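Below is one structure; the comments refer to it alone.
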Amino acid sequence: MSFEAVIGLEVHAQLLTKSKIFCGCSTQFGSSPNSQTCPVCLGMPGVLPVLNKKVVEYAIMLGLATNCTINRNSYFARKNYFYPDLPKGYQISQYELPICSDGYIMIKTKEGEKRIGITRIHMEEDAGKLIHEGAHSLVDLNRTGTPLLEIVSEPDMRTPEEAVSYLKELRQILLYLGICDGNMEEGSFRCDANVSVRRKGDTKFGTKTELKNINSFRFIQKALEYEIERQIDIIESGGKIIQETRLFDSSKGITISMRSKEEAHDYRYFPEPDLMPIFVDEVHIKKIKESLPELPYEKRQRFKDQYNIPEYDIEILTNERDISDFFEKCVSLYNNPKTLSNFFMTEIMKELNERKCGILETKLTPGNVVEIFKLLDEDKINYNGAKTILPKIIETGKSPSVLIEEMGLVQISDTSALESIVMDVLRNNKKELKEYLSGKDKLFAFFVGQVMKRTSGKANPKILQDLLKEKLSKISIDEVDNL
Ligand SMILES: [Zn+2]
């Protein structure tokens with residue numbers, strides 16, 4: 001009997017607002033501990049939270065981008081629990097009436113596109129951070145009150161691959177909207193996964209476990225794979241799954257029991273009395289809708305219609321907004337999308353990956369890239385030359401035509417100059433020449449190679465080939481010794 005997994009994901013996305021959700025403290029990352037705090041986010045008695053309007057706007061943006069219903073009325077609730085990084089003893093969150101609900105996003109799977117439901121998106125405040133040093137634990141409350149959106153999916157995913165695909169799509173939407181930096185290592189895009197397994201064909205869900213805070217796509221894949229295997233093994237050997245929270249140990253590649261899972265009622269949710277309910281009117285929603293940027297799935301479709309390049313190229317080119325904008329600027333200057341796309345896919349992406357940097361952090365400009373293609377079209381350089389100057393442009397920002405002069409890469413397209421080199425090569429390789437003339441055609445490449453060597457790769461390959469063919473066709477084997 002085969003099993004299938006049922007996976008639902010809860011994502012916490014830290015919002016890129018300048019100030020916190022209920023006070024004016026800065027949200028900047030990396031400042032000295034507890035320097036970005038005030039009586040509100042420290043949870044002093046008698047203070048009142050004031051809602052940051054930007055947070056509501058960002059929540060609506062994400063809701064619209066993920067096909068949610070924007071609830072015109074919603075309110076905040078207190079989620080009560082004790083932990084040293086939570087000074088108030090409760091977290092202000094949303095419970096019964098979140099700001100967005102009932103949405104979906106489309107993800108790619110091996111079997112084609114699949115719709116993954118989004119149950120809800122709600123606003124809440126982040127907790128602080130504990131830093132463990134030897135026998136002590138220190139508390140940094142700079143992060144306390146940083147605005148978060150929690151995005152809860154339906155349990156619609158059936159494999160670890162689908163879960164990763166969903167997360168990548170969601171992260172990309174957040175990045176395109178410009179409301180979250182998506183940095184998983186720094187924790188601004190965090191994910192908890194609810195996993196259960198059941199026999200194929202069953203409609204009832206099995207008992208689920210929750211995997212906490214896994215900080216890379218690779219680890220999510222591994223943690224889910226391990227957990228699914230673990231649960232199947234237990235059921236097959238007649239055991240029962242315990243509902244619990246488990247942590248992924250990335251060094252061992254296993255999940256470990258952390259605590260039994262709380263139920264929602266353990267948190268004693270109740271409406272936050274210090275904040276007014278939130279009302280958003282249709283005009284406001286409409287205004288936000290009109291201001292939304294082009295979203296990843298819209299951009300992919302447009303690239304397909306407009307540029308006629310392969311799906312795989314589109315995937316890579318639209319992965320980051322900076323890359324796709326850069327690519328489009330190049331196309332507007334040099335209308336050959338396929339050629340440009342090839343160059344991006346092979347050469348430019350390779351250089352960026354090696355440097356681990358974004359395209360805007362280099363000195364490359366659309367003008368530079370297009371100039372390379374003009375030099376290629378005019379036969380001033382060959383493709384090898386183009387590859388050689390690319391890293392130099394990236395580092396210095398110099399124009400390709402200046403660089404090919406400086407680096408001596410200007411192609412030799414002058415037939416008479418090439419002719420004398422070709423004859424020289426033939427004279428110096430009489431043995432090979434005789435073999436060629438007696439039928440060993442393969443040696444043609446040898447002569448090409450010799451000329452290339454003599455010209456440091458600068459011979460125009462097309463002119464060289466033609467010239468070499470012509471010369472060789474005119475020599476008879478008896479003439480070789482008197483060349
Ligand atoms: Zn504060």
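Identifiers in the structure tokens: chain A, B, ... in order shown; residue index from 1 per chain; ligand index from 1 in order shown.
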Next on the checklist: Within 9 Å of ligand 1 (counting only C-alpha atoms and all ligand atoms), which residues show up? I'd like them as a PyMOL selection string.
Outcome noted: chain A and resi 19-26+36-43+142+144-145
Output file for the selection above: all heavy atoms, as a tab-separated table (two decimals), in the first residue's frame:
chain	number	residue	atom	x	y	z
A	19	SER	N	9.59	51.61	10.18
A	19	SER	CA	9.37	51.53	11.62
A	19	SER	C	8.54	50.31	11.98
A	19	SER	O	7.96	49.65	11.12
A	19	SER	CB	8.71	52.81	12.13
A	19	SER	OG	7.52	53.05	11.40
A	20	LYS	N	8.47	50.02	13.27
A	20	LYS	CA	7.79	48.81	13.75
A	20	LYS	C	6.28	48.91	13.58
A	20	LYS	O	5.75	49.96	13.20
A	20	LYS	CB	8.16	48.59	15.23
A	20	LYS	CG	9.64	48.24	15.42
A	20	LYS	CD	9.96	47.91	16.87
A	20	LYS	CE	11.44	47.54	17.03
A	20	LYS	NZ	11.79	47.23	18.44
A	21	ILE	N	5.57	47.85	13.91
A	21	ILE	CA	4.13	47.82	13.62
A	21	ILE	C	3.31	48.69	14.57
A	21	ILE	O	2.31	49.27	14.16
A	21	ILE	CB	3.61	46.36	13.56
A	21	ILE	CG1	2.12	46.30	13.19
A	21	ILE	CG2	3.89	45.58	14.85
A	21	ILE	CD1	1.60	44.91	12.84
A	22	PHE	N	3.74	48.81	15.84
A	22	PHE	CA	2.91	49.56	16.79
A	22	PHE	C	3.63	50.72	17.48
A	22	PHE	O	3.16	51.28	18.45
A	22	PHE	CB	2.33	48.62	17.86
A	22	PHE	CG	1.47	47.53	17.28
A	22	PHE	CD1	1.76	46.19	17.52
A	22	PHE	CD2	0.36	47.85	16.50
A	22	PHE	CE1	0.96	45.18	16.99
A	22	PHE	CE2	-0.45	46.85	15.96
A	22	PHE	CZ	-0.14	45.52	16.21
A	23	CYS	N	4.86	51.02	17.02
A	23	CYS	CA	5.59	52.17	17.59
A	23	CYS	C	6.52	52.72	16.52
A	23	CYS	O	6.60	52.18	15.43
A	23	CYS	CB	6.39	51.74	18.83
A	23	CYS	SG	7.67	50.51	18.49
A	24	GLY	N	7.23	53.79	16.84
A	24	GLY	CA	8.05	54.45	15.83
A	24	GLY	C	9.49	53.94	15.76
A	24	GLY	O	10.31	54.49	15.03
A	25	CYS	N	9.83	52.90	16.51
A	25	CYS	CA	11.21	52.40	16.53
A	25	CYS	C	11.61	51.87	15.15
A	25	CYS	O	10.80	51.32	14.43
A	25	CYS	CB	11.35	51.26	17.53
A	25	CYS	SG	11.18	51.79	19.23
A	26	SER	N	12.91	52.02	14.86
A	26	SER	CA	13.44	51.56	13.58
A	26	SER	C	13.46	50.03	13.52
A	26	SER	O	13.62	49.35	14.53
A	26	SER	CB	14.85	52.09	13.40
A	26	SER	OG	15.49	51.40	12.35
A	36	GLN	N	17.03	49.72	19.65
A	36	GLN	CA	15.85	50.14	18.91
A	36	GLN	C	14.58	49.72	19.64
A	36	GLN	O	13.81	48.89	19.17
A	36	GLN	CB	15.90	49.57	17.49
A	36	GLN	CG	16.98	50.25	16.68
A	36	GLN	CD	17.38	49.52	15.42
A	36	GLN	OE1	18.27	49.96	14.72
A	36	GLN	NE2	16.75	48.40	15.11
A	37	THR	N	14.42	50.29	20.81
A	37	THR	CA	13.28	49.92	21.64
A	37	THR	C	12.68	51.16	22.27
A	37	THR	O	13.32	52.21	22.33
A	37	THR	CB	13.72	48.96	22.77
A	37	THR	OG1	14.78	49.58	23.49
A	37	THR	CG2	14.18	47.63	22.24
A	38	CYS	N	11.44	51.04	22.72
A	38	CYS	CA	10.77	52.15	23.41
A	38	CYS	C	9.77	51.52	24.38
A	38	CYS	O	9.57	50.30	24.36
A	38	CYS	CB	10.07	53.06	22.40
A	38	CYS	SG	8.59	52.32	21.68
A	39	PRO	N	9.11	52.30	25.21
A	39	PRO	CA	8.17	51.71	26.18
A	39	PRO	C	7.10	50.82	25.52
A	39	PRO	O	6.68	49.82	26.10
A	39	PRO	CB	7.55	52.94	26.85
A	39	PRO	CG	8.63	53.98	26.78
A	39	PRO	CD	9.29	53.74	25.45
A	40	VAL	N	6.68	51.17	24.28
A	40	VAL	CA	5.63	50.36	23.63
A	40	VAL	C	6.14	48.95	23.31
A	40	VAL	O	5.55	47.95	23.71
A	40	VAL	CB	5.09	51.04	22.35
A	40	VAL	CG1	4.11	50.13	21.62
A	40	VAL	CG2	4.42	52.36	22.71
A	41	CYS	N	7.29	48.88	22.58
A	41	CYS	CA	7.74	47.54	22.19
A	41	CYS	C	8.44	46.81	23.34
A	41	CYS	O	8.69	45.61	23.25
A	41	CYS	CB	8.57	47.57	20.91
A	41	CYS	SG	9.99	48.67	20.92
A	42	LEU	N	8.74	47.52	24.42
A	42	LEU	CA	9.28	46.84	25.61
A	42	LEU	C	8.15	46.32	26.50
A	42	LEU	O	8.40	45.64	27.50
A	42	LEU	CB	10.17	47.78	26.41
A	42	LEU	CG	11.52	48.14	25.78
A	42	LEU	CD1	12.24	49.19	26.60
A	42	LEU	CD2	12.38	46.90	25.61
A	43	GLY	N	6.92	46.67	26.15
A	43	GLY	CA	5.77	46.16	26.90
A	43	GLY	C	5.61	46.79	28.27
A	43	GLY	O	5.16	46.13	29.22
A	142	ASN	N	15.38	44.30	19.89
A	142	ASN	CA	15.30	45.13	18.68
A	142	ASN	C	14.25	44.62	17.70
A	142	ASN	O	13.60	45.39	17.03
A	142	ASN	CB	16.65	45.17	17.96
A	142	ASN	CG	17.61	46.16	18.61
A	142	ASN	OD1	17.20	46.92	19.49
A	142	ASN	ND2	18.86	46.13	18.19
A	144	THR	N	11.57	42.92	18.44
A	144	THR	CA	10.23	42.92	19.02
A	144	THR	C	9.38	44.02	18.37
A	144	THR	O	9.78	45.18	18.36
A	144	THR	CB	10.31	43.19	20.54
A	144	THR	OG1	11.29	42.32	21.07
A	144	THR	CG2	8.98	42.95	21.21
A	145	GLY	N	8.26	43.64	17.81
A	145	GLY	CA	7.38	44.64	17.20
A	145	GLY	C	7.65	44.86	15.71
A	145	GLY	O	7.00	45.69	15.08
Next on the checklist: Just want the 8 Å neighbourhood of region 444-454 of chain A, counted on only C-alpha atoms, with same-chain residues fewer than 3 positions away dropped. Output as a PyMOL selection string.
Outcome noted: chain A and resi 421-422+425-426+436+441+457-459+464-465+468
Item to check | Distance criterion (only C-alpha atoms): nearest to Pro98 (chain A) out of A:Thr415, A:Asn71, A:Asn429, A:Thr207 | outcome: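 The answer is A:Asn71, which sits nearest to Pro98 (chain A).
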Next on the checklist: Among region 244-422 of chain A, which residues does DSSP mark as strand (DSSP E) when it is run on the backbone? Keep the chain and numbering as in the structure and answer as a list in words.
Outcome noted: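 Filtering region 244-422 of chain A down to strand (DSSP E) leaves Glu244, Thr245, Arg246, Leu247, Phe248, Asp249, Ile254, Thr255, Ile256, Ser257, Met258, Arg259, Ser260, Phe270, Pro271, Ile278 and Phe279 of chain A.
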Next on the checklist: Neighbouring residues of region 248-255 of chain A were defined as those with any atom within 9 Å, considering only C-alpha atoms; residues of the same chain fewer than 4 positions away were excluded. Please report them as a list in words.
Outcome noted: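 So the residues in contact are Leu211, Lys212, Asn213, Ile214, Phe219, Ile220, Lys222, Ala223, Leu224, Tyr226, Glu227 and Arg230 of chain A.
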Determine, for each residue of region 30-107 of chain A having at least one atom at most 10 Å from an atom of region 261-283 of chain A, the closest pair of atoms and their separation in Å to one decimal, counting only C-alpha atoms; order by chain and ascending number, as a tab-separated table.
residue	atom	partner	partner_atom	distance
A:Val47	CA	A:Asp274	CA	9.3
A:Leu48	CA	A:Asp274	CA	6.4
A:Pro49	CA	A:Asp274	CA	6.8
A:Val50	CA	A:Leu275	CA	7.3
A:Leu51	CA	A:Leu275	CA	7.6
A:Val56	CA	A:Ile278	CA	8.7
A:Glu57	CA	A:Val280	CA	9.6
A:Ile60	CA	A:Val280	CA	9.4
A:Ile70	CA	A:Val280	CA	8.6
A:Asn71	CA	A:Val280	CA	7.8
A:Arg72	CA	A:Val280	CA	4.9
A:Asn73	CA	A:Phe279	CA	4.9
A:Ser74	CA	A:Ile278	CA	5.2
A:Tyr75	CA	A:Pro277	CA	4.5
A:Phe76	CA	A:Glu272	CA	5.4
A:Ala77	CA	A:Pro271	CA	4.2
A:Arg78	CA	A:Tyr269	CA	5.4
A:Lys79	CA	A:Tyr269	CA	4.9
A:Asn80	CA	A:Tyr267	CA	4.9
A:Tyr81	CA	A:Tyr267	CA	6.2
A:Phe82	CA	A:Tyr267	CA	9.8
A:Tyr90	CA	A:Tyr267	CA	8.9
A:Gln91	CA	A:Tyr269	CA	9.7
A:Ile92	CA	A:Glu272	CA	7.2
A:Ser93	CA	A:Glu272	CA	8.6
A:Gln94	CA	A:Pro271	CA	8.5
A:Tyr95	CA	A:Tyr269	CA	7.3
A:Glu96	CA	A:Pro271	CA	8.9
A:Leu97	CA	A:Pro277	CA	10.0
A:Pro98	CA	A:Ile278	CA	9.9
A:Ile99	CA	A:Ile278	CA	8.4
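The protein and nucleic acid residues lying at most 8 Å from region 181-195 of chain A are Ala5, Val6, Ile7, Gly8, Leu9, Glu10, Val11, His12, Ala13, Gln14, Leu15, Leu16, Pro155, Arg171, Leu174, Leu175, Lys208, Thr209, Glu210, Leu211, Lys212, Asn213, Ile214, Asn215, Ser216, Leu224, Glu227 and Ile228 of chain A, with only C-alpha atoms considered and sequence neighbours fewer than 5 positions away removed.
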Just-selected residues, N, CA and C atoms written as an mmCIF file, in the first residue's frame:
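That gives us selection-v3.cif:
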data_model
loop_
_atom_site.group_PDB
_atom_site.id
_atom_site.type_symbol
_atom_site.label_atom_id
_atom_site.label_comp_id
_atom_site.auth_asym_id
_atom_site.auth_seq_id
_atom_site.Cartn_x
_atom_site.Cartn_y
_atom_site.Cartn_z
ATOM 1 N N ALA A 5 1.904 12.179 1.193
ATOM 2 C CA ALA A 5 2.076 13.180 2.249
ATOM 3 C C ALA A 5 1.065 14.305 2.059
ATOM 4 N N VAL A 6 0.709 14.923 3.156
ATOM 5 C CA VAL A 6 -0.160 16.108 3.111
ATOM 6 C C VAL A 6 0.613 17.224 3.809
ATOM 7 N N ILE A 7 0.908 18.270 3.051
ATOM 8 C CA ILE A 7 1.769 19.326 3.598
ATOM 9 C C ILE A 7 1.067 20.681 3.515
ATOM 10 N N GLY A 8 1.070 21.388 4.619
ATOM 11 C CA GLY A 8 0.586 22.774 4.642
ATOM 12 C C GLY A 8 1.702 23.637 5.197
ATOM 13 N N LEU A 9 1.821 24.867 4.730
ATOM 14 C CA LEU A 9 2.941 25.700 5.167
ATOM 15 C C LEU A 9 2.474 27.001 5.799
ATOM 16 N N GLU A 10 3.197 27.405 6.831
ATOM 17 C CA GLU A 10 2.972 28.714 7.441
ATOM 18 C C GLU A 10 4.239 29.516 7.250
ATOM 19 N N VAL A 11 4.109 30.625 6.546
ATOM 20 C CA VAL A 11 5.288 31.450 6.279
ATOM 21 C C VAL A 11 5.176 32.748 7.059
ATOM 22 N N HIS A 12 6.280 33.147 7.671
ATOM 23 C CA HIS A 12 6.343 34.462 8.296
ATOM 24 C C HIS A 12 7.249 35.338 7.455
ATOM 25 N N ALA A 13 6.689 36.425 6.947
ATOM 26 C CA ALA A 13 7.476 37.344 6.125
ATOM 27 C C ALA A 13 7.617 38.662 6.867
ATOM 28 N N GLN A 14 8.872 39.039 7.131
ATOM 29 C CA GLN A 14 9.126 40.327 7.781
ATOM 30 C C GLN A 14 8.961 41.445 6.757
ATOM 31 N N LEU A 15 8.225 42.474 7.133
ATOM 32 C CA LEU A 15 7.942 43.534 6.171
ATOM 33 C C LEU A 15 9.015 44.612 6.175
ATOM 34 N N LEU A 16 9.234 45.176 4.991
ATOM 35 C CA LEU A 16 10.268 46.204 4.842
ATOM 36 C C LEU A 16 9.740 47.601 5.170
ATOM 37 N N PRO A 155 -3.661 22.644 3.183
ATOM 38 C CA PRO A 155 -2.772 21.454 3.103
ATOM 39 C C PRO A 155 -2.842 20.835 1.710
ATOM 40 N N ARG A 171 7.811 33.615 -2.216
ATOM 41 C CA ARG A 171 8.933 34.509 -1.934
ATOM 42 C C ARG A 171 9.145 35.476 -3.090
ATOM 43 N N LEU A 174 6.609 38.245 -3.004
ATOM 44 C CA LEU A 174 6.975 39.237 -1.981
ATOM 45 C C LEU A 174 8.095 40.153 -2.473
ATOM 46 N N LEU A 175 9.085 39.560 -3.141
ATOM 47 C CA LEU A 175 10.211 40.345 -3.650
ATOM 48 C C LEU A 175 9.746 41.300 -4.743
ATOM 49 N N LYS A 208 -0.829 15.221 12.293
ATOM 50 C CA LYS A 208 0.289 15.984 11.725
ATOM 51 C C LYS A 208 1.325 16.351 12.775
ATOM 52 N N THR A 209 2.529 16.564 12.278
ATOM 53 C CA THR A 209 3.561 17.159 13.117
ATOM 54 C C THR A 209 3.922 18.504 12.504
ATOM 55 N N GLU A 210 4.489 19.374 13.320
ATOM 56 C CA GLU A 210 4.877 20.680 12.805
ATOM 57 C C GLU A 210 6.388 20.811 12.840
ATOM 58 N N LEU A 211 6.989 21.133 11.688
ATOM 59 C CA LEU A 211 8.434 21.354 11.623
ATOM 60 C C LEU A 211 8.675 22.854 11.685
ATOM 61 N N LYS A 212 9.569 23.241 12.591
ATOM 62 C CA LYS A 212 9.745 24.670 12.899
ATOM 63 C C LYS A 212 10.939 25.307 12.200
ATOM 64 N N ASN A 213 10.754 26.567 11.836
ATOM 65 C CA ASN A 213 11.839 27.455 11.418
ATOM 66 C C ASN A 213 12.996 26.802 10.655
ATOM 67 N N ILE A 214 12.733 26.455 9.423
ATOM 68 C CA ILE A 214 13.785 25.836 8.623
ATOM 69 C C ILE A 214 14.271 26.913 7.669
ATOM 70 N N ASN A 215 15.617 27.138 7.639
ATOM 71 C CA ASN A 215 16.042 28.391 7.012
ATOM 72 C C ASN A 215 16.688 28.319 5.631
ATOM 73 N N SER A 216 16.391 27.254 4.862
ATOM 74 C CA SER A 216 16.782 27.291 3.452
ATOM 75 C C SER A 216 15.884 26.336 2.679
ATOM 76 N N LEU A 224 11.406 17.709 5.141
ATOM 77 C CA LEU A 224 10.148 17.080 4.759
ATOM 78 C C LEU A 224 10.370 15.631 4.331
ATOM 79 N N GLU A 227 10.922 13.613 7.457
ATOM 80 C CA GLU A 227 9.730 13.501 8.294
ATOM 81 C C GLU A 227 8.683 12.582 7.665
ATOM 82 N N ILE A 228 8.520 12.657 6.361
ATOM 83 C CA ILE A 228 7.540 11.800 5.670
ATOM 84 C C ILE A 228 7.953 10.330 5.828
#
Extract, using only C-alpha atoms, all DNA, RNA and protein residues at most 9 Å from Val164 (chain A), discarding same-chain residues fewer than 2 positions from it, and format them as a PDB file with N, CA and C atoms, in the first residue's frame.
ATOM      1  N   THR A 159       4.100  16.659  -2.007  1.00  0.00           N
ATOM      2  CA  THR A 159       5.511  16.241  -2.019  1.00  0.00           C
ATOM      3  C   THR A 159       6.389  17.397  -1.518  1.00  0.00           C
ATOM      4  N   PRO A 160       7.599  17.070  -1.050  1.00  0.00           N
ATOM      5  CA  PRO A 160       8.537  18.128  -0.660  1.00  0.00           C
ATOM      6  C   PRO A 160       8.815  19.087  -1.827  1.00  0.00           C
ATOM      7  N   GLU A 161       8.859  18.561  -3.059  1.00  0.00           N
ATOM      8  CA  GLU A 161       9.125  19.415  -4.223  1.00  0.00           C
ATOM      9  C   GLU A 161       8.030  20.465  -4.385  1.00  0.00           C
ATOM     10  N   GLU A 162       6.785  20.042  -4.178  1.00  0.00           N
ATOM     11  CA  GLU A 162       5.680  20.998  -4.300  1.00  0.00           C
ATOM     12  C   GLU A 162       5.782  22.075  -3.222  1.00  0.00           C
ATOM     13  N   TYR A 166       6.120  26.021  -3.960  1.00  0.00           N
ATOM     14  CA  TYR A 166       5.186  27.003  -3.385  1.00  0.00           C
ATOM     15  C   TYR A 166       5.958  28.124  -2.687  1.00  0.00           C
ATOM     16  N   LEU A 167       6.957  27.738  -1.885  1.00  0.00           N
ATOM     17  CA  LEU A 167       7.724  28.744  -1.144  1.00  0.00           C
ATOM     18  C   LEU A 167       8.482  29.682  -2.077  1.00  0.00           C
ATOM     19  N   LYS A 168       9.038  29.100  -3.138  1.00  0.00           N
ATOM     20  CA  LYS A 168       9.786  29.927  -4.083  1.00  0.00           C
ATOM     21  C   LYS A 168       8.865  30.925  -4.768  1.00  0.00           C
ATOM     22  N   GLU A 169       7.686  30.458  -5.149  1.00  0.00           N
ATOM     23  CA  GLU A 169       6.736  31.343  -5.828  1.00  0.00           C
ATOM     24  C   GLU A 169       6.285  32.471  -4.883  1.00  0.00           C
ATOM     25  N   PHE A 217      15.787  26.561   1.374  1.00  0.00           N
ATOM     26  CA  PHE A 217      14.953  25.681   0.544  1.00  0.00           C
ATOM     27  C   PHE A 217      15.452  24.240   0.607  1.00  0.00           C
ATOM     28  N   ARG A 218      16.780  24.103   0.622  1.00  0.00           N
ATOM     29  CA  ARG A 218      17.377  22.774   0.641  1.00  0.00           C
ATOM     30  C   ARG A 218      17.000  22.035   1.934  1.00  0.00           C
ATOM     31  N   ILE A 220      14.389  22.626   3.809  1.00  0.00           N
ATOM     32  CA  ILE A 220      12.957  22.320   3.822  1.00  0.00           C
ATOM     33  C   ILE A 220      12.710  21.007   3.086  1.00  0.00           C
ATOM     34  N   GLN A 221      13.332  20.903   1.932  1.00  0.00           N
ATOM     35  CA  GLN A 221      13.218  19.666   1.144  1.00  0.00           C
ATOM     36  C   GLN A 221      13.663  18.470   1.990  1.00  0.00           C
TER      37      GLN A 221
END
